[in-house]
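Okay, work_34.tsv is below, TSV, C-alpha atoms:
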```tsv
chain	number	residue	atom	x	y	z
H	1	MET	CA	-45.24	114.03	-27.76
H	2	ASN	CA	-46.62	116.88	-25.71
H	3	CYS	CA	-45.12	120.39	-25.65
H	4	GLU	CA	-43.50	119.97	-22.23
H	5	ARG	CA	-41.52	116.93	-23.29
H	6	ALA	CA	-40.77	118.58	-26.62
H	7	CYS	CA	-39.42	121.63	-24.81
H	8	GLU	CA	-37.05	119.45	-22.74
H	9	LEU	CA	-35.65	117.95	-25.93
H	10	ILE	CA	-35.60	121.24	-27.83
H	11	ALA	CA	-33.39	122.69	-25.09
H	12	LEU	CA	-30.97	119.83	-25.68
H	13	ALA	CA	-31.24	119.92	-29.46
H	14	ALA	CA	-30.24	123.60	-29.60
H	15	SER	CA	-26.59	122.63	-29.49
H	16	GLY	CA	-26.90	119.18	-31.05
H	17	ASP	CA	-27.21	117.21	-27.82
H	18	ALA	CA	-30.35	115.34	-28.89
H	19	ASN	CA	-29.82	111.91	-30.43
H	20	LEU	CA	-31.26	110.95	-33.81
H	21	ALA	CA	-34.50	109.51	-32.46
H	22	GLU	CA	-35.08	112.52	-30.22
H	23	GLN	CA	-34.35	114.93	-33.07
H	24	ALA	CA	-36.83	113.12	-35.34
H	25	ALA	CA	-39.51	113.29	-32.66
H	26	ILE	CA	-38.90	117.00	-32.18
H	27	ASP	CA	-39.11	117.65	-35.91
H	28	ARG	CA	-42.41	115.77	-36.16
H	29	HIS	CA	-43.84	117.72	-33.22
H	30	MET	CA	-42.76	121.10	-34.56
H	31	THR	CA	-44.43	120.61	-37.92
H	32	SER	CA	-47.73	121.04	-36.15
H	33	CYS	CA	-46.73	123.28	-33.18
H	34	ALA	CA	-45.87	126.93	-33.83
H	35	ALA	CA	-45.17	127.61	-30.13
H	36	CYS	CA	-42.45	124.94	-30.01
H	37	ARG	CA	-40.94	126.29	-33.23
H	38	GLU	CA	-40.63	129.63	-31.45
H	39	GLU	CA	-39.09	127.85	-28.47
H	40	ALA	CA	-36.56	126.21	-30.75
H	41	ALA	CA	-35.59	129.57	-32.23
H	42	ALA	CA	-35.24	131.08	-28.76
H	43	PHE	CA	-33.02	128.22	-27.53
H	44	ALA	CA	-30.87	128.49	-30.63
H	45	ALA	CA	-30.39	132.21	-29.88
H	46	LEU	CA	-29.49	131.38	-26.28
H	47	ALA	CA	-26.94	128.80	-27.42
H	48	ALA	CA	-25.37	131.39	-29.71
H	49	GLU	CA	-25.20	133.95	-26.90
H	50	LEU	CA	-23.52	131.46	-24.58
H	51	ALA	CA	-21.05	130.45	-27.29
H	52	ALA	CA	-20.23	134.13	-27.86
H	53	MET	CA	-19.01	134.37	-24.25
H	54	ARG	CA	-16.31	131.85	-25.13
H	55	GLY	CA	-14.15	134.52	-26.73
H	56	ALA	CA	-14.35	136.96	-23.84
H	57	SER	CA	-11.04	137.61	-22.20
H	58	LEU	CA	-9.26	139.72	-19.62
H	59	PRO	CA	-6.28	142.04	-19.95
H	60	GLU	CA	-2.89	140.31	-20.13
H	61	SER	CA	-1.97	141.84	-16.77
H	62	ALA	CA	-4.64	139.71	-15.07
H	63	PHE	CA	-2.96	136.52	-16.33
H	64	ALA	CA	0.54	137.80	-15.61
H	65	ALA	CA	-0.44	138.59	-12.03
H	66	VAL	CA	-1.55	134.98	-11.48
H	67	ARG	CA	1.67	133.60	-13.00
H	68	THR	CA	3.78	135.83	-10.79
H	69	ARG	CA	1.91	134.86	-7.64
H	70	VAL	CA	2.15	131.16	-8.44
H	71	ALA	CA	5.88	131.35	-9.22
H	72	GLU	CA	6.59	133.25	-6.00
H	73	GLU	CA	4.63	130.75	-3.96
H	74	ILE	CA	6.43	127.79	-5.51
H	75	VAL	CA	9.87	129.35	-4.94
H	76	SER	CA	8.89	130.15	-1.37
H	77	ARG	CA	7.83	126.55	-0.77
H	78	ARG	CA	11.14	125.24	-2.09
H	79	LYS	CA	13.16	127.00	0.61
H	80	PRO	CA	14.20	124.82	3.55
H	81	VAL	CA	11.81	124.77	6.43
H	82	TRP	CA	14.21	126.53	8.76
H	83	ILE	CA	14.55	129.44	6.36
H	84	ARG	CA	10.81	129.73	5.87
H	85	ALA	CA	10.20	129.43	9.59
H	86	TRP	CA	12.92	131.70	10.95
H	87	PRO	CA	10.76	134.80	11.39
H	88	ALA	CA	8.26	132.77	13.38
H	89	PHE	CA	11.09	131.13	15.33
H	90	ALA	CA	12.67	134.51	16.13
H	91	ALA	CA	9.34	135.90	17.26
H	92	ALA	CA	8.75	132.87	19.49
H	93	MET	CA	12.20	133.23	21.06
H	94	ALA	CA	11.63	136.93	21.70
H	95	CYS	CA	8.29	136.19	23.36
H	96	THR	CA	9.90	133.48	25.51
H	97	ALA	CA	12.66	135.86	26.60
H	98	ILE	CA	10.14	138.51	27.57
H	99	VAL	CA	8.09	136.01	29.57
H	100	VAL	CA	11.18	134.71	31.39
H	101	VAL	CA	12.26	138.23	32.31
H	102	LEU	CA	8.81	139.16	33.55
H	103	LEU	CA	8.32	136.01	35.60
H	104	ARG	CA	11.83	135.90	37.15
H	105	PRO	CA	11.57	135.97	40.99
H	106	VAL	CA	12.95	139.13	42.52
H	107	THR	CA	15.38	138.12	45.40
H	108	ALA	CA	16.89	141.10	47.15
H	109	PRO	CA	19.82	140.23	49.47
H	110	SER	CA	18.75	140.46	53.12
H	111	PRO	CA	21.04	142.67	55.17
H	112	LEU	CA	22.95	140.95	57.92
H	113	PRO	CA	22.00	142.27	61.37
H	114	VAL	CA	25.54	143.06	62.40
H	115	GLU	CA	24.51	144.44	65.78
H	116	GLN	CA	22.91	141.13	66.81
H	117	ALA	CA	25.18	138.42	65.47
H	118	GLU	CA	28.35	137.89	63.56
H	119	VAL	CA	29.52	134.95	61.51
H	120	LEU	CA	33.02	133.62	61.86
H	121	PRO	CA	34.67	130.82	59.95
H	122	ALA	CA	35.40	128.05	62.46
H	123	PRO	CA	37.28	129.83	65.20
H	124	LEU	CA	36.99	126.87	67.56
H	125	GLU	CA	40.66	126.62	68.22
H	126	GLN	CA	40.79	130.23	69.39
H	127	PRO	CA	40.79	130.75	73.17
H	128	LEU	CA	37.37	131.79	74.35
H	129	ALA	CA	38.76	134.45	76.61
H	130	ALA	CA	40.31	136.38	73.74
H	131	SER	CA	37.07	137.23	71.97
H	132	PRO	CA	35.32	139.39	74.61
H	133	ALA	CA	38.28	141.73	74.72
H	134	ALA	CA	37.90	142.61	71.04
H	135	PRO	CA	36.37	146.03	70.39
H	136	LEU	CA	32.94	146.42	68.77
H	137	HIS	CA	34.17	148.05	65.52
H	138	SER	CA	36.41	145.05	65.05
H	139	ALA	CA	33.38	142.72	65.36
H	140	LYS	CA	31.54	144.70	62.66
H	141	ARG	CA	34.44	144.30	60.25
H	142	ARG	CA	34.56	140.58	60.86
H	143	ALA	CA	30.82	140.23	60.16
H	144	THR	CA	31.48	140.98	56.50
H	145	ARG	CA	33.47	137.78	56.04
H	146	ILE	CA	32.03	135.28	53.64
H	147	HIS	CA	31.07	131.94	55.08
H	148	LYS	CA	32.14	128.89	53.14
H	149	PRO	CA	29.48	126.16	53.06
H	150	SER	CA	32.05	123.44	53.83
H	151	GLU	CA	32.87	124.98	57.22
H	152	PRO	CA	30.67	124.86	60.34
H	153	LEU	CA	28.92	128.05	61.36
H	154	VAL	CA	30.10	129.65	64.57
H	155	ILE	CA	27.91	132.41	65.92
H	156	GLN	CA	29.33	134.55	68.67
H	157	MET	CA	26.77	136.42	70.74
H	158	LEU	CA	27.97	139.31	72.85
H	159	THR	CA	26.21	140.22	76.07
H	160	ASN	CA	26.25	143.31	78.27
H	161	ASP	CA	28.65	141.57	80.55
H	162	PRO	CA	32.05	141.51	78.81
H	163	ASN	CA	32.88	138.37	80.72
H	164	VAL	CA	30.00	136.43	79.20
H	165	VAL	CA	30.16	135.42	75.54
H	166	ILE	CA	27.87	132.83	73.98
H	167	TYR	CA	29.08	130.72	71.04
H	168	TRP	CA	26.61	128.79	68.91
H	169	ILE	CA	28.12	126.31	66.52
H	170	ALA	CA	25.86	124.95	63.81
H	171	ASP	CA	26.54	122.37	61.18
H	172	ALA	CA	25.68	123.82	57.75
H	173	ARG	CA	23.78	120.67	56.71
H	174	ASP	CA	21.60	119.59	59.56
H	175	GLY	CA	21.77	122.71	61.64
H	176	ASN	CA	21.21	120.69	64.84
H	177	ALA	CA	24.61	120.87	66.41
H	178	GLY	CA	25.04	123.57	68.95
H	179	LYS	CA	27.17	124.50	71.86
H	180	GLU	CA	26.93	127.06	74.52
H	181	SER	CA	29.87	128.19	76.51
H	182	ASN	CA	30.03	130.25	79.57
H	183	PRO	CA	33.55	131.10	80.65
F	1	MET	CA	-17.28	147.66	-8.47
F	2	ARG	CA	-15.45	147.60	-11.77
F	3	ASP	CA	-13.46	144.55	-10.73
F	4	THR	CA	-16.37	142.62	-9.42
F	5	THR	CA	-18.47	143.02	-12.54
F	6	LEU	CA	-15.81	143.18	-15.20
F	7	ALA	CA	-16.69	139.87	-16.74
F	8	MET	CA	-20.35	140.77	-16.92
F	9	PHE	CA	-19.66	143.94	-18.85
F	10	LEU	CA	-16.67	143.13	-20.99
F	11	PRO	CA	-16.12	145.55	-23.87
F	12	ALA	CA	-17.18	144.25	-27.26
F	13	ALA	CA	-13.56	144.39	-28.45
F	14	CYS	CA	-12.69	141.58	-26.03
F	15	VAL	CA	-15.27	139.24	-27.53
F	16	GLN	CA	-14.03	136.94	-30.27
F	17	PRO	CA	-16.98	134.82	-31.39
F	18	GLU	CA	-14.80	132.67	-33.63
F	19	ALA	CA	-12.40	131.74	-30.87
F	20	GLN	CA	-11.91	128.00	-30.52
F	21	PRO	CA	-12.33	126.20	-27.23
F	22	GLU	CA	-9.12	126.01	-25.29
F	23	VAL	CA	-9.15	122.25	-24.93
F	24	CYS	CA	-5.85	121.40	-26.54
F	25	PRO	CA	-5.10	117.79	-27.34
F	26	ASP	CA	-2.55	116.15	-25.08
F	27	ASP	CA	0.24	116.34	-27.59
F	28	ALA	CA	3.82	115.33	-27.01
F	29	GLY	CA	4.72	118.93	-26.23
F	30	VAL	CA	2.37	119.08	-23.27
F	31	LEU	CA	3.51	115.71	-21.96
F	32	ALA	CA	7.14	116.81	-22.26
F	33	LEU	CA	6.36	120.02	-20.38
F	34	ILE	CA	4.62	118.02	-17.66
F	35	SER	CA	7.58	115.68	-17.39
F	36	GLN	CA	10.06	118.56	-17.13
F	37	ALA	CA	7.89	120.43	-14.63
F	38	ARG	CA	7.69	117.28	-12.50
F	39	SER	CA	11.47	117.25	-12.23
F	40	GLY	CA	11.46	120.82	-10.94
F	41	ASP	CA	11.91	122.76	-14.17
F	42	MET	CA	10.18	126.04	-13.37
F	43	ALA	CA	10.43	127.30	-16.94
F	44	ALA	CA	8.50	124.26	-18.15
F	45	PHE	CA	5.83	124.85	-15.52
F	46	ASP	CA	5.63	128.48	-16.61
F	47	GLN	CA	5.02	127.29	-20.18
F	48	LEU	CA	2.26	125.02	-18.96
F	49	MET	CA	0.66	127.90	-17.08
F	50	ARG	CA	0.81	130.17	-20.12
F	51	ARG	CA	-0.76	127.47	-22.26
F	52	TYR	CA	-3.74	126.88	-19.98
F	53	GLU	CA	-4.07	130.10	-17.98
F	54	ARG	CA	-6.91	131.39	-20.13
F	55	VAL	CA	-8.90	128.19	-19.65
F	56	VAL	CA	-8.41	128.26	-15.90
F	57	LEU	CA	-8.95	131.96	-15.25
F	58	MET	CA	-11.92	132.44	-17.58
F	59	THR	CA	-13.64	129.28	-16.34
F	60	ALA	CA	-13.12	130.43	-12.76
F	61	LEU	CA	-14.50	133.84	-13.67
F	62	ARG	CA	-17.72	132.25	-14.94
F	63	PHE	CA	-18.08	130.07	-11.87
F	64	LEU	CA	-17.39	132.96	-9.50
F	65	ASN	CA	-19.95	135.35	-10.96
F	66	GLY	CA	-17.52	137.58	-12.77
F	67	ASN	CA	-15.41	138.55	-9.76
F	68	VAL	CA	-11.91	138.99	-11.21
F	69	ALA	CA	-10.06	139.05	-7.89
F	70	ASP	CA	-11.76	135.83	-6.76
F	71	ALA	CA	-11.09	134.23	-10.14
F	72	GLN	CA	-7.38	135.11	-9.83
F	73	ASP	CA	-7.29	133.60	-6.35
F	74	ALA	CA	-8.94	130.47	-7.71
F	75	ALA	CA	-6.50	130.27	-10.64
F	76	GLN	CA	-3.57	130.61	-8.26
F	77	THR	CA	-4.93	127.78	-6.13
F	78	VAL	CA	-5.52	125.64	-9.21
F	79	PHE	CA	-1.95	126.05	-10.49
F	80	LEU	CA	-0.42	125.46	-7.07
F	81	ARG	CA	-2.53	122.33	-6.67
F	82	LEU	CA	-1.50	121.29	-10.16
F	83	HIS	CA	2.18	121.82	-9.34
F	84	ARG	CA	1.86	119.80	-6.15
F	85	SER	CA	0.10	116.89	-7.84
F	86	LEU	CA	1.87	116.75	-11.20
F	87	GLY	CA	3.39	113.47	-10.11
F	88	GLN	CA	-0.06	111.90	-9.95
F	89	PHE	CA	-0.92	112.72	-13.56
F	90	ARG	CA	-1.16	109.65	-15.78
F	91	SER	CA	0.13	110.19	-19.29
F	92	ASP	CA	-2.84	108.31	-20.76
F	93	ALA	CA	-5.33	110.73	-19.18
F	94	SER	CA	-6.52	114.03	-20.63
F	95	PHE	CA	-4.55	116.88	-19.13
F	96	PRO	CA	-7.09	119.63	-19.99
F	97	ALA	CA	-9.92	117.56	-18.52
F	98	TRP	CA	-7.86	117.07	-15.36
F	99	LEU	CA	-7.19	120.80	-15.19
F	100	TYR	CA	-10.88	121.58	-15.69
F	101	ARG	CA	-11.75	119.21	-12.89
F	102	ILE	CA	-9.31	120.90	-10.52
F	103	THR	CA	-10.69	124.29	-11.54
F	104	VAL	CA	-14.30	123.27	-11.00
F	105	ASN	CA	-13.49	121.76	-7.61
F	106	VAL	CA	-11.58	124.85	-6.46
F	107	CYS	CA	-14.41	127.15	-7.59
F	108	HIS	CA	-17.05	125.00	-5.90
F	109	ASP	CA	-15.01	125.10	-2.69
F	110	MET	CA	-14.74	128.87	-2.89
F	111	ASN	CA	-18.44	129.26	-3.59
F	112	ARG	CA	-19.37	126.99	-0.72
F	113	LYS	CA	-17.11	128.88	1.64
F	114	SER	CA	-18.48	132.25	0.78
F	115	GLN	CA	-22.00	131.10	-0.15
F	116	ARG	CA	-21.66	133.60	-2.93
F	117	ARG	CA	-24.60	134.18	-5.19
F	118	ALA	CA	-25.06	137.00	-7.63
F	119	GLU	CA	-27.47	139.43	-6.14
F	120	VAL	CA	-29.33	140.80	-9.08
F	121	ASP	CA	-31.86	143.34	-8.03
F	122	LEU	CA	-34.19	143.30	-10.99
F	123	THR	CA	-36.34	146.07	-9.63
F	124	GLY	CA	-33.33	148.31	-9.12
F	125	ILE	CA	-32.02	147.62	-12.61
F	126	ALA	CA	-35.43	148.35	-14.10
F	127	ARG	CA	-35.50	151.68	-12.34
F	128	THR	CA	-32.01	152.84	-13.31
F	129	LEU	CA	-31.63	151.66	-16.90
F	130	PRO	CA	-33.33	153.04	-19.99
F	131	ALA	CA	-36.58	151.30	-20.81
F	132	ALA	CA	-36.59	151.14	-24.56
F	133	ALA	CA	-34.44	149.06	-26.88
F	134	ALA	CA	-34.35	151.22	-29.95
F	135	ASP	CA	-30.86	150.17	-31.05
F	136	PRO	CA	-30.44	146.51	-32.10
F	137	VAL	CA	-26.83	146.50	-30.80
F	138	GLU	CA	-28.03	147.79	-27.47
F	139	ASP	CA	-30.70	145.12	-27.47
F	140	ASP	CA	-28.08	142.41	-28.03
F	141	GLU	CA	-25.97	143.78	-25.19
F	142	ARG	CA	-28.96	143.75	-22.88
F	143	ARG	CA	-29.78	140.18	-23.83
F	144	MET	CA	-26.20	139.17	-23.14
F	145	GLU	CA	-26.34	140.92	-19.80
F	146	ALA	CA	-29.56	139.06	-19.00
F	147	VAL	CA	-27.98	135.71	-19.87
F	148	LYS	CA	-24.96	136.43	-17.67
F	149	ALA	CA	-27.17	137.46	-14.78
F	150	GLY	CA	-29.20	134.29	-15.24
F	151	LEU	CA	-26.08	132.17	-15.33
F	152	ALA	CA	-25.05	133.58	-11.98
F	153	ARG	CA	-28.41	132.55	-10.55
F	154	LEU	CA	-28.24	128.90	-11.60
F	155	GLY	CA	-27.49	126.16	-9.13
F	156	GLU	CA	-23.93	124.87	-8.82
F	157	LYS	CA	-24.35	121.73	-10.93
F	158	GLU	CA	-26.48	123.28	-13.64
F	159	ARG	CA	-24.12	126.20	-13.97
F	160	ALA	CA	-21.13	123.85	-14.18
F	161	ALA	CA	-22.80	121.87	-16.96
F	162	ILE	CA	-23.78	125.00	-18.92
F	163	VAL	CA	-20.38	126.69	-18.50
F	164	LEU	CA	-18.44	123.64	-19.61
F	165	ARG	CA	-20.81	122.57	-22.41
F	166	ASP	CA	-22.06	125.85	-23.87
F	167	ILE	CA	-19.32	128.37	-23.07
F	168	GLU	CA	-16.19	126.24	-22.97
F	169	GLY	CA	-17.52	124.12	-25.82
F	170	LEU	CA	-16.71	120.69	-24.37
F	171	ASP	CA	-18.86	117.75	-25.43
F	172	THR	CA	-21.24	116.02	-23.08
F	173	ALA	CA	-18.92	113.09	-22.45
F	174	GLN	CA	-16.06	115.40	-21.46
F	175	VAL	CA	-18.34	117.40	-19.18
F	176	ALA	CA	-19.54	114.19	-17.55
F	177	SER	CA	-15.96	113.09	-17.03
F	178	ILE	CA	-14.94	116.41	-15.48
F	179	LEU	CA	-17.96	116.60	-13.19
F	180	GLY	CA	-17.78	112.94	-12.26
F	181	SER	CA	-21.35	112.33	-13.45
F	182	SER	CA	-23.01	110.16	-16.05
F	183	GLU	CA	-23.77	111.58	-19.49
F	184	ALA	CA	-27.50	111.19	-18.83
F	185	THR	CA	-27.19	113.32	-15.70
F	186	VAL	CA	-25.26	115.98	-17.56
F	187	ARG	CA	-27.81	116.03	-20.40
F	188	SER	CA	-30.56	116.54	-17.84
F	189	GLN	CA	-28.61	119.32	-16.11
F	190	ILE	CA	-27.99	121.03	-19.45
F	191	SER	CA	-31.65	120.84	-20.44
F	192	VAL	CA	-32.92	122.11	-17.09
F	193	GLY	CA	-30.22	124.79	-16.93
F	194	ARG	CA	-30.99	126.14	-20.40
F	195	ARG	CA	-34.72	126.30	-19.71
F	196	LYS	CA	-34.15	128.13	-16.43
F	197	LEU	CA	-31.72	130.46	-18.11
F	198	ARG	CA	-34.16	131.32	-20.87
F	199	LYS	CA	-37.00	131.94	-18.44
F	200	PHE	CA	-34.77	134.10	-16.29
F	201	ALA	CA	-33.47	136.10	-19.25
F	202	ASP	CA	-36.99	136.71	-20.54
F	203	ALA	CA	-38.16	137.86	-17.10
F	204	TYR	CA	-35.06	140.03	-16.73
F	205	LEU	CA	-35.68	141.77	-20.04
F	206	ARG	CA	-39.41	142.18	-19.36
F	207	ARG	CA	-38.59	143.85	-16.06
F	208	ARG	CA	-36.40	146.34	-17.85
F	209	LEU	CA	-39.07	147.35	-20.32
```
Can you turn what I pasted into structure tokens?
Amino acid sequence: MNCERACELIALAASGDANLAEQAAIDRHMTSCAACREEAAAFAALAAELAAMRGASLPESAFAAVRTRVAEEIVSRRKPVWIRAWPAFAAAMACTAIVVVLLRPVTAPSPLPVEQAEVLPAPLEQPLAASPAAPLHSAKRRATRIHKPSEPLVIQMLTNDPNVVIYWIADARDGNAGKESNP
Amino acid sequence: MRDTTLAMFLPAACVQPEAQPEVCPDDAGVLALISQARSGDMAAFDQLMRRYERVVLMTALRFLNGNVADAQDAAQTVFLRLHRSLGQFRSDASFPAWLYRITVNVCHDMNRKSQRRAEVDLTGIARTLPAAAADPVEDDERRMEAVKAGLARLGEKERAAIVLRDIEGLDTAQVASILGSSEATVRSQISVGRRKLRKFADAYLRRRL
């Protein structure tokens, strides 16, 4: 056995990991090799130093901290999903609300041009001659009436000539119907 | 700094050379605790943790180069993984060996993620520390420091074999079982690891002189 092979086995034998045959071979080699005897002593010292680390410890607080963290984590995992997830759910809802508010289309009501047209709810049965006689301030008041979608639109257009009034009747759905009248 | 190197410079009072390895036999008490913990008994799980916390935390500390905070993180992961998989434990298997295996796997994962290696600047140490070793106690402490520094420099598999065999005091068959290797492979890793460790420690001490 050469010294290199002996050294491999001596490293194992330091803590009793060599089998009987290997140990016998090492012993035979060391009877005639002072360098390997020194190696054996050095490996035995190393094994003792490593074994001495076995007793090293940490303060109790280091262990207690781990126990506490583990227990907290386990208790936290046992809670129902909806309880564990509610902060995230609340945050998601808040974000959604903010996005909806920011993206909402701004629709300002367009003012009705009272001077140009007025909307009346189906005054077809009224005599056409009666409307031109009505004063202008009365027409402005009537323009504020609310049109119901189920009724046809009747637009009365006034002209400079009080004897000429134009009515335009439009169906609310197709918007094609129309009628002009000239008294 | 103190936290990260605490394990490398533990006070002598913490060292108990006669302490026995923490590999407890799987007695009926442990199996009963496992059974109760499986059914949700938190007190039983707490007892299990107290029984094996030293094994887990100190082993993690040696795998993670003496970083206490990292070792605590690893121990927390180990116990949570244990709690989650208690149902998979077979009563005919060795519970400590199973726990060691979980610990080794968690530490390897952490080391791979951080690619952590002890950065021992031998030149810097040689410059800042006293050169002579007049006091035999001081000499022993320096040798121990050299061995710990060398341990941190070993490869993952060699370090695992040395930590479990030489420091934790498990036998080769148990180490092979934990590491999922053959006994021949573990013997080879132990032999190579010890020789590297001795060379490193000698070089470390020579640098300091």
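Between CA of His83 in chain F and CA of Phe45 in chain F lies a distance of 7.8 Å.
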Margin query: Could you check the closest approach to chain F for each of H:Arg37, H:Ala44, H:Ala25, H:Ala52 and tell me which residue wins, using all atoms listed in the file?
Written below: H:Ala52
Note to self: Show me, as a PyMOL selection string, the residues of chain H whose atoms get within 12 Å of chain F, using only C-alpha atoms for the distance check.
What the structure shows: chain H and resi 4-19+39-78
Check: Rounded to one decimal in Å, what is the spacing between CA of Ala173 in chain F and CA of Glu22 in chain H?
Finding: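 Straight-line distance from CA of Ala173 in chain F to CA of Glu22 in chain H works out to 17.9 Å.
Note that the spacing between CA of Ala35 in chain H and CA of Asp202 in chain F amounts to 15.5 Å.
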